[in-house]
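See below for the structure under consideration.
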Amino acid sequence: MKSFDFIVVGGGTSGTVTAEKLIRNGHTVLLLEEGRRNSNPILAMPAGWIPMLDGSPYLKFFKSIPQPQLNNRQHDIAQAKILGGGSSINGMVYMRGKPSDYNKWVEETGDQRWSWDSLIENYKRLEKNQRLSGNFHGIEGPIDVSDPGYVAKGSDLYIKTMQKFGLPYNRDFNDGDQFGVGLMQYTIGNGKRSDTVSKLIKPIEGNKNLKINLNTIVTKIIIENKKAIGVETISKGINEKFYGNEIILTAGALISPKILMHSGIGEENQLKKFGIKIKEKLDGVGKNLQDHHEVPFISKAKAGYGYYKQNKGLRMLRNGIQYLLFKSGPVTSNGVDCCSFLNPDNLEDKNDPKVKLYCVQIMYTDRDTKDIKPDHGVTLTPCIMNPKSRGEVTIKSSDPLDLPNINPNFLSNKDDIDTFVASLKLAREVINTKPLSDIIVEEILPGKDVKDDESLINYCKKMVKTNWHPVGTCKMGKDSDEMAVLNSKLQVKGIGNLRVFDVSMMPTIVAANTNAPAMAIADKATDIMLEGK
């Protein structure tokens with residue numbers, strides 16, 4: 001029976017960062033991933049992630065339970081199912097959040113290692129920035145970070161318009177001061193996606209200490225005498241057990257708590273309900289679910305300023321040739337060039353912006369807007385950065401192959417609703433202000449007749465959706481916190497040799513797309529574990 005120093009459960013962003021660092025330190029590692037390897041060259045193209053959102057084999061699709069506060073709507077939620085996780089299939093936005101986000105973590109844990117100043121060193125170590133250096137940025141790390149390779153004309157107009165509202169141009173959203181408007185940076189290098197597989201795993205794949213099992217579902221952690229000693233898996237109908245000295249969960253905020261619960265770690269009534277033997281009572285497992293959520297404001301626009309039909313017909317052929325020959329043009333864009341961070345109810349307030357207002361140079365359509373005829377457009381999408389609404393993940397049965405029940409609970413907090421209403425009112429002002437107004441033909445949604453607060457709230461209930469950043473379901477905290485699942489070393493409370501290194505460890509969500517934080521968290525957590533302090 002072969003045993004490993006470490007078994008890493010989940011080959012996504014956090015898992016690959018963890019595995020690479022352990023291998024570099026001379027340990028034996030088994031990396032288990034439910035998905036497959038990325039074999040699609042389209043995903044390497046910055047614009048290639050967009051068509052993958054609909055039915056991709058590299059995503060696992062969940063549906064939330066009915067949401068009473070949203071008139072029983074159910075949300076579609078996708079999680080990466082591919083080696084490299086989100087880094088292999090996401091929108092590549094590189095964001096870290098702001099110092100106050102991490103100060104909250106220090107308050108929750110009493111551990112300064114999770115402060116902004118401390119984590120900056122982990123961000124820098126992983127980063128190879130195209131333009132920025134100094135105290136906040138790395139230029140020698142493995143992960144390329146760059147400015148957009150192409151910027152639509154409409155994006156420039158949005159940036160100019162927001163400056164008219166008093167927002168400063170922000171040349172760096174990742175130095176701790178998010179307030180303002182500007183271009184975002186991305187995990188892209190030389191016109192190609194910079195993911196953790198190509199940059200971290202491929203260079204070590206020949207190492208005899210690393211074993212990667214794909215298409216493998218981990219059904220439970222094997223626990224004996226309050227210690228994790230291995231995992232049970234299923235792959236192509238075959239059940240297997242693997243043993244390790246330390247088990248590290250990096251399966252994400254929807255699946256890591258599910259694995260814990262099926263292993264007998266969780267809230268007592270939940271486990272008893274399905275006849276699961278209790279190994280450790282931890283009421284917080286699956287609770288504290290947080291996710292950035294958004295409501296689109298959609299306008300029709302004049303042709304020639306955005307991305308509509310850039311992937312069709314002769315335009316697609318021209319853009320494809322330009323990309324292949326010169327690594328330039330629209331294919332080098334992820335489709336969302338810019339954003340602003342602001343407080344919609346007070347634009348003069350520079351402190352802790354509540355909203356990230358994306359500007360997307362298309363008329364955004366999905367299942368909630370299927371009746372809209374696609375056309376040239378501008379979609380302003382307010383996304384709440386530190387939502388107060390909290391949801392949960394629970395198990396559906398005793399069968400570990402059943403998907404979990406997911407309750408995002410969006411708009412369950414009045415402050416979140418008020419923030420969206422103020423954001424939609426601001427978005428309406430923005431599209432009617434020059435120079436952006438010069439290309440706007442008409443407001444499509446919510447529609448110019450939807451003006452009063454009650455109507456706007458009803459629109460939010462109909463349209464609110466995930467920004468694909470679920471976190472918090474195995475939060476870290478002090479020993480005195482009964483809802484904390486992990487201590488500040490990210491060890492599962494009450495169980496030896498078991499840790500969680502993914503974004504489910506967040507006590508509170510950060511004001512950032514979560515791929516960059518996932519990398520930094522795993523890097524920091526591995527440091528803490530190897531130091532043994």
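In the structure tokens, the first chain shown is A, the next is B, and so on; residue numbers restart at 1 for each chain, and ligands run from 1 in the order shown.
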Give me the residues within 10 Å of Lys350 of chain A as a PyMOL selection string, counting only C-alpha atoms and dropping any in the same chain fewer than 6 places off.
chain A and resi 167+177-180+341-343
Please identify all polymer residues within 8 Å of Asp117 of chain A, counting only C-alpha atoms, omitting same-chain residues fewer than 3 positions from it, and present them as a list in words.
Pro99, Ile120 and Glu121 of chain A
For Val360 of chain A, find every residue with an atom within 10 Å (counting only C-alpha atoms), except residues of its own chain fewer than 6 positions away, and show them as an MDAnalysis selection string.
chainID A and resid 152 154:155 158 296 298 306:307 335:339 377:381
Could you pull out the alpha helix (DSSP H) residues of segment 346-467 of chain A from DSSP and send them as a PDB file with N, CA, C and O atoms, in the first residue's frame?
ATOM      1  N   LYS A 414     -31.239  43.662   3.602  1.00  0.00           N
ATOM      2  CA  LYS A 414     -31.763  44.910   3.040  1.00  0.00           C
ATOM      3  C   LYS A 414     -30.660  45.839   2.548  1.00  0.00           C
ATOM      4  O   LYS A 414     -30.849  46.559   1.546  1.00  0.00           O
ATOM      5  N   ASP A 415     -29.508  45.857   3.215  1.00  0.00           N
ATOM      6  CA  ASP A 415     -28.415  46.728   2.775  1.00  0.00           C
ATOM      7  C   ASP A 415     -27.962  46.360   1.357  1.00  0.00           C
ATOM      8  O   ASP A 415     -27.625  47.250   0.561  1.00  0.00           O
ATOM      9  N   ASP A 416     -27.939  45.077   1.043  1.00  0.00           N
ATOM     10  CA  ASP A 416     -27.566  44.650  -0.307  1.00  0.00           C
ATOM     11  C   ASP A 416     -28.580  45.144  -1.336  1.00  0.00           C
ATOM     12  O   ASP A 416     -28.218  45.602  -2.427  1.00  0.00           O
ATOM     13  N   ILE A 417     -29.861  45.061  -0.981  1.00  0.00           N
ATOM     14  CA  ILE A 417     -30.920  45.542  -1.885  1.00  0.00           C
ATOM     15  C   ILE A 417     -30.767  47.039  -2.122  1.00  0.00           C
ATOM     16  O   ILE A 417     -30.826  47.520  -3.272  1.00  0.00           O
ATOM     17  N   ASP A 418     -30.552  47.787  -1.054  1.00  0.00           N
ATOM     18  CA  ASP A 418     -30.401  49.241  -1.176  1.00  0.00           C
ATOM     19  C   ASP A 418     -29.203  49.594  -2.054  1.00  0.00           C
ATOM     20  O   ASP A 418     -29.265  50.557  -2.841  1.00  0.00           O
ATOM     21  N   THR A 419     -28.127  48.834  -1.922  1.00  0.00           N
ATOM     22  CA  THR A 419     -26.933  49.094  -2.731  1.00  0.00           C
ATOM     23  C   THR A 419     -27.217  48.866  -4.211  1.00  0.00           C
ATOM     24  O   THR A 419     -26.777  49.645  -5.070  1.00  0.00           O
ATOM     25  N   PHE A 420     -27.970  47.826  -4.528  1.00  0.00           N
ATOM     26  CA  PHE A 420     -28.308  47.563  -5.927  1.00  0.00           C
ATOM     27  C   PHE A 420     -29.221  48.648  -6.495  1.00  0.00           C
ATOM     28  O   PHE A 420     -29.041  49.086  -7.643  1.00  0.00           O
ATOM     29  N   VAL A 421     -30.186  49.071  -5.731  1.00  0.00           N
ATOM     30  CA  VAL A 421     -31.093  50.120  -6.212  1.00  0.00           C
ATOM     31  C   VAL A 421     -30.305  51.394  -6.518  1.00  0.00           C
ATOM     32  O   VAL A 421     -30.484  52.010  -7.588  1.00  0.00           O
ATOM     33  N   ALA A 422     -29.405  51.786  -5.619  1.00  0.00           N
ATOM     34  CA  ALA A 422     -28.576  52.968  -5.856  1.00  0.00           C
ATOM     35  C   ALA A 422     -27.675  52.762  -7.072  1.00  0.00           C
ATOM     36  O   ALA A 422     -27.440  53.704  -7.857  1.00  0.00           O
ATOM     37  N   SER A 423     -27.178  51.547  -7.264  1.00  0.00           N
ATOM     38  CA  SER A 423     -26.280  51.250  -8.393  1.00  0.00           C
ATOM     39  C   SER A 423     -27.008  51.338  -9.724  1.00  0.00           C
ATOM     40  O   SER A 423     -26.458  51.842 -10.714  1.00  0.00           O
ATOM     41  N   LEU A 424     -28.235  50.848  -9.773  1.00  0.00           N
ATOM     42  CA  LEU A 424     -29.008  50.909 -11.022  1.00  0.00           C
ATOM     43  C   LEU A 424     -29.363  52.352 -11.369  1.00  0.00           C
ATOM     44  O   LEU A 424     -29.345  52.749 -12.542  1.00  0.00           O
ATOM     45  N   LYS A 425     -29.668  53.143 -10.369  1.00  0.00           N
ATOM     46  CA  LYS A 425     -29.951  54.560 -10.611  1.00  0.00           C
ATOM     47  C   LYS A 425     -28.701  55.263 -11.147  1.00  0.00           C
ATOM     48  O   LYS A 425     -28.783  56.088 -12.068  1.00  0.00           O
ATOM     49  N   LEU A 426     -27.545  54.918 -10.578  1.00  0.00           N
ATOM     50  CA  LEU A 426     -26.293  55.489 -11.069  1.00  0.00           C
ATOM     51  C   LEU A 426     -26.015  55.044 -12.495  1.00  0.00           C
ATOM     52  O   LEU A 426     -25.610  55.860 -13.339  1.00  0.00           O
ATOM     53  N   ALA A 427     -26.219  53.764 -12.789  1.00  0.00           N
ATOM     54  CA  ALA A 427     -25.979  53.256 -14.136  1.00  0.00           C
ATOM     55  C   ALA A 427     -26.810  54.010 -15.165  1.00  0.00           C
ATOM     56  O   ALA A 427     -26.341  54.316 -16.273  1.00  0.00           O
ATOM     57  N   ARG A 428     -28.030  54.346 -14.789  1.00  0.00           N
ATOM     58  CA  ARG A 428     -28.895  55.113 -15.705  1.00  0.00           C
ATOM     59  C   ARG A 428     -28.315  56.506 -15.950  1.00  0.00           C
ATOM     60  O   ARG A 428     -28.344  57.007 -17.085  1.00  0.00           O
ATOM     61  N   GLU A 429     -27.766  57.112 -14.909  1.00  0.00           N
ATOM     62  CA  GLU A 429     -27.119  58.416 -15.092  1.00  0.00           C
ATOM     63  C   GLU A 429     -25.897  58.293 -16.001  1.00  0.00           C
ATOM     64  O   GLU A 429     -25.652  59.166 -16.839  1.00  0.00           O
ATOM     65  N   VAL A 430     -25.157  57.214 -15.828  1.00  0.00           N
ATOM     66  CA  VAL A 430     -23.916  57.039 -16.594  1.00  0.00           C
ATOM     67  C   VAL A 430     -24.205  56.926 -18.089  1.00  0.00           C
ATOM     68  O   VAL A 430     -23.534  57.564 -18.910  1.00  0.00           O
ATOM     69  N   ILE A 431     -25.200  56.132 -18.469  1.00  0.00           N
ATOM     70  CA  ILE A 431     -25.458  55.966 -19.913  1.00  0.00           C
ATOM     71  C   ILE A 431     -26.038  57.226 -20.538  1.00  0.00           C
ATOM     72  O   ILE A 431     -26.050  57.366 -21.769  1.00  0.00           O
ATOM     73  N   ASP A 453     -38.388  52.820  -6.490  1.00  0.00           N
ATOM     74  CA  ASP A 453     -37.590  51.821  -5.786  1.00  0.00           C
ATOM     75  C   ASP A 453     -38.224  50.433  -5.824  1.00  0.00           C
ATOM     76  O   ASP A 453     -37.526  49.424  -6.011  1.00  0.00           O
ATOM     77  N   GLU A 454     -39.530  50.366  -5.632  1.00  0.00           N
ATOM     78  CA  GLU A 454     -40.188  49.056  -5.604  1.00  0.00           C
ATOM     79  C   GLU A 454     -40.029  48.331  -6.939  1.00  0.00           C
ATOM     80  O   GLU A 454     -39.754  47.128  -6.982  1.00  0.00           O
ATOM     81  N   SER A 455     -40.168  49.080  -8.035  1.00  0.00           N
ATOM     82  CA  SER A 455     -40.013  48.470  -9.358  1.00  0.00           C
ATOM     83  C   SER A 455     -38.577  48.017  -9.592  1.00  0.00           C
ATOM     84  O   SER A 455     -38.332  46.957 -10.173  1.00  0.00           O
ATOM     85  N   LEU A 456     -37.625  48.824  -9.117  1.00  0.00           N
ATOM     86  CA  LEU A 456     -36.216  48.451  -9.272  1.00  0.00           C
ATOM     87  C   LEU A 456     -35.870  47.229  -8.418  1.00  0.00           C
ATOM     88  O   LEU A 456     -35.097  46.359  -8.845  1.00  0.00           O
ATOM     89  N   ILE A 457     -36.463  47.143  -7.233  1.00  0.00           N
ATOM     90  CA  ILE A 457     -36.238  45.968  -6.378  1.00  0.00           C
ATOM     91  C   ILE A 457     -36.792  44.719  -7.047  1.00  0.00           C
ATOM     92  O   ILE A 457     -36.146  43.656  -7.058  1.00  0.00           O
ATOM     93  N   ASN A 458     -37.960  44.823  -7.631  1.00  0.00           N
ATOM     94  CA  ASN A 458     -38.545  43.678  -8.334  1.00  0.00           C
ATOM     95  C   ASN A 458     -37.664  43.263  -9.518  1.00  0.00           C
ATOM     96  O   ASN A 458     -37.518  42.069  -9.801  1.00  0.00           O
ATOM     97  N   TYR A 459     -37.086  44.250 -10.182  1.00  0.00           N
ATOM     98  CA  TYR A 459     -36.168  43.944 -11.281  1.00  0.00           C
ATOM     99  C   TYR A 459     -34.943  43.204 -10.748  1.00  0.00           C
ATOM    100  O   TYR A 459     -34.489  42.219 -11.347  1.00  0.00           O
ATOM    101  N   CYS A 460     -34.410  43.649  -9.614  1.00  0.00           N
ATOM    102  CA  CYS A 460     -33.255  42.974  -9.012  1.00  0.00           C
ATOM    103  C   CYS A 460     -33.591  41.522  -8.672  1.00  0.00           C
ATOM    104  O   CYS A 460     -32.777  40.613  -8.913  1.00  0.00           O
ATOM    105  N   LYS A 461     -34.760  41.296  -8.121  1.00  0.00           N
ATOM    106  CA  LYS A 461     -35.152  39.939  -7.764  1.00  0.00           C
ATOM    107  C   LYS A 461     -35.247  39.044  -8.990  1.00  0.00           C
ATOM    108  O   LYS A 461     -34.961  37.845  -8.925  1.00  0.00           O
ATOM    109  N   LYS A 462     -35.616  39.615 -10.086  1.00  0.00           N
ATOM    110  CA  LYS A 462     -35.749  38.848 -11.329  1.00  0.00           C
ATOM    111  C   LYS A 462     -34.402  38.583 -11.989  1.00  0.00           C
ATOM    112  O   LYS A 462     -34.204  37.554 -12.648  1.00  0.00           O
ATOM    113  N   MET A 463     -33.428  39.490 -11.767  1.00  0.00           N
ATOM    114  CA  MET A 463     -32.195  39.454 -12.566  1.00  0.00           C
ATOM    115  C   MET A 463     -30.923  39.144 -11.788  1.00  0.00           C
ATOM    116  O   MET A 463     -29.879  38.886 -12.399  1.00  0.00           O
TER     117      MET A 463
END
Could you give me, as a ChimeraX atom specification, the residues within 10 Å of Gln322 of chain A, counting only C-alpha atoms and dropping anything in the same chain fewer than 6 positions from it?
/A:316,328-332
Please identify all polymer residues within 10 Å of Thr109 of chain A, counting only C-alpha atoms, omitting same-chain residues fewer than 3 positions from it, and present them as a list in words.
Asn103, Lys104, Trp105, Val106, Gln112, Arg113, Trp114, Met476, Gly477, Lys478, Asp479, Ser480, Asp481, Ala484, Leu486, Asn487, Ser488, Lys489 and Pro507 of chain A
Closest of A:Asn225, A:Thr394, A:Asn170, A:Ser299 to Ser340 of chain A - atom-to-atom distances counting only C-alpha atoms:
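Smallest separation from Ser340 of chain A among the options: A:Asn170.
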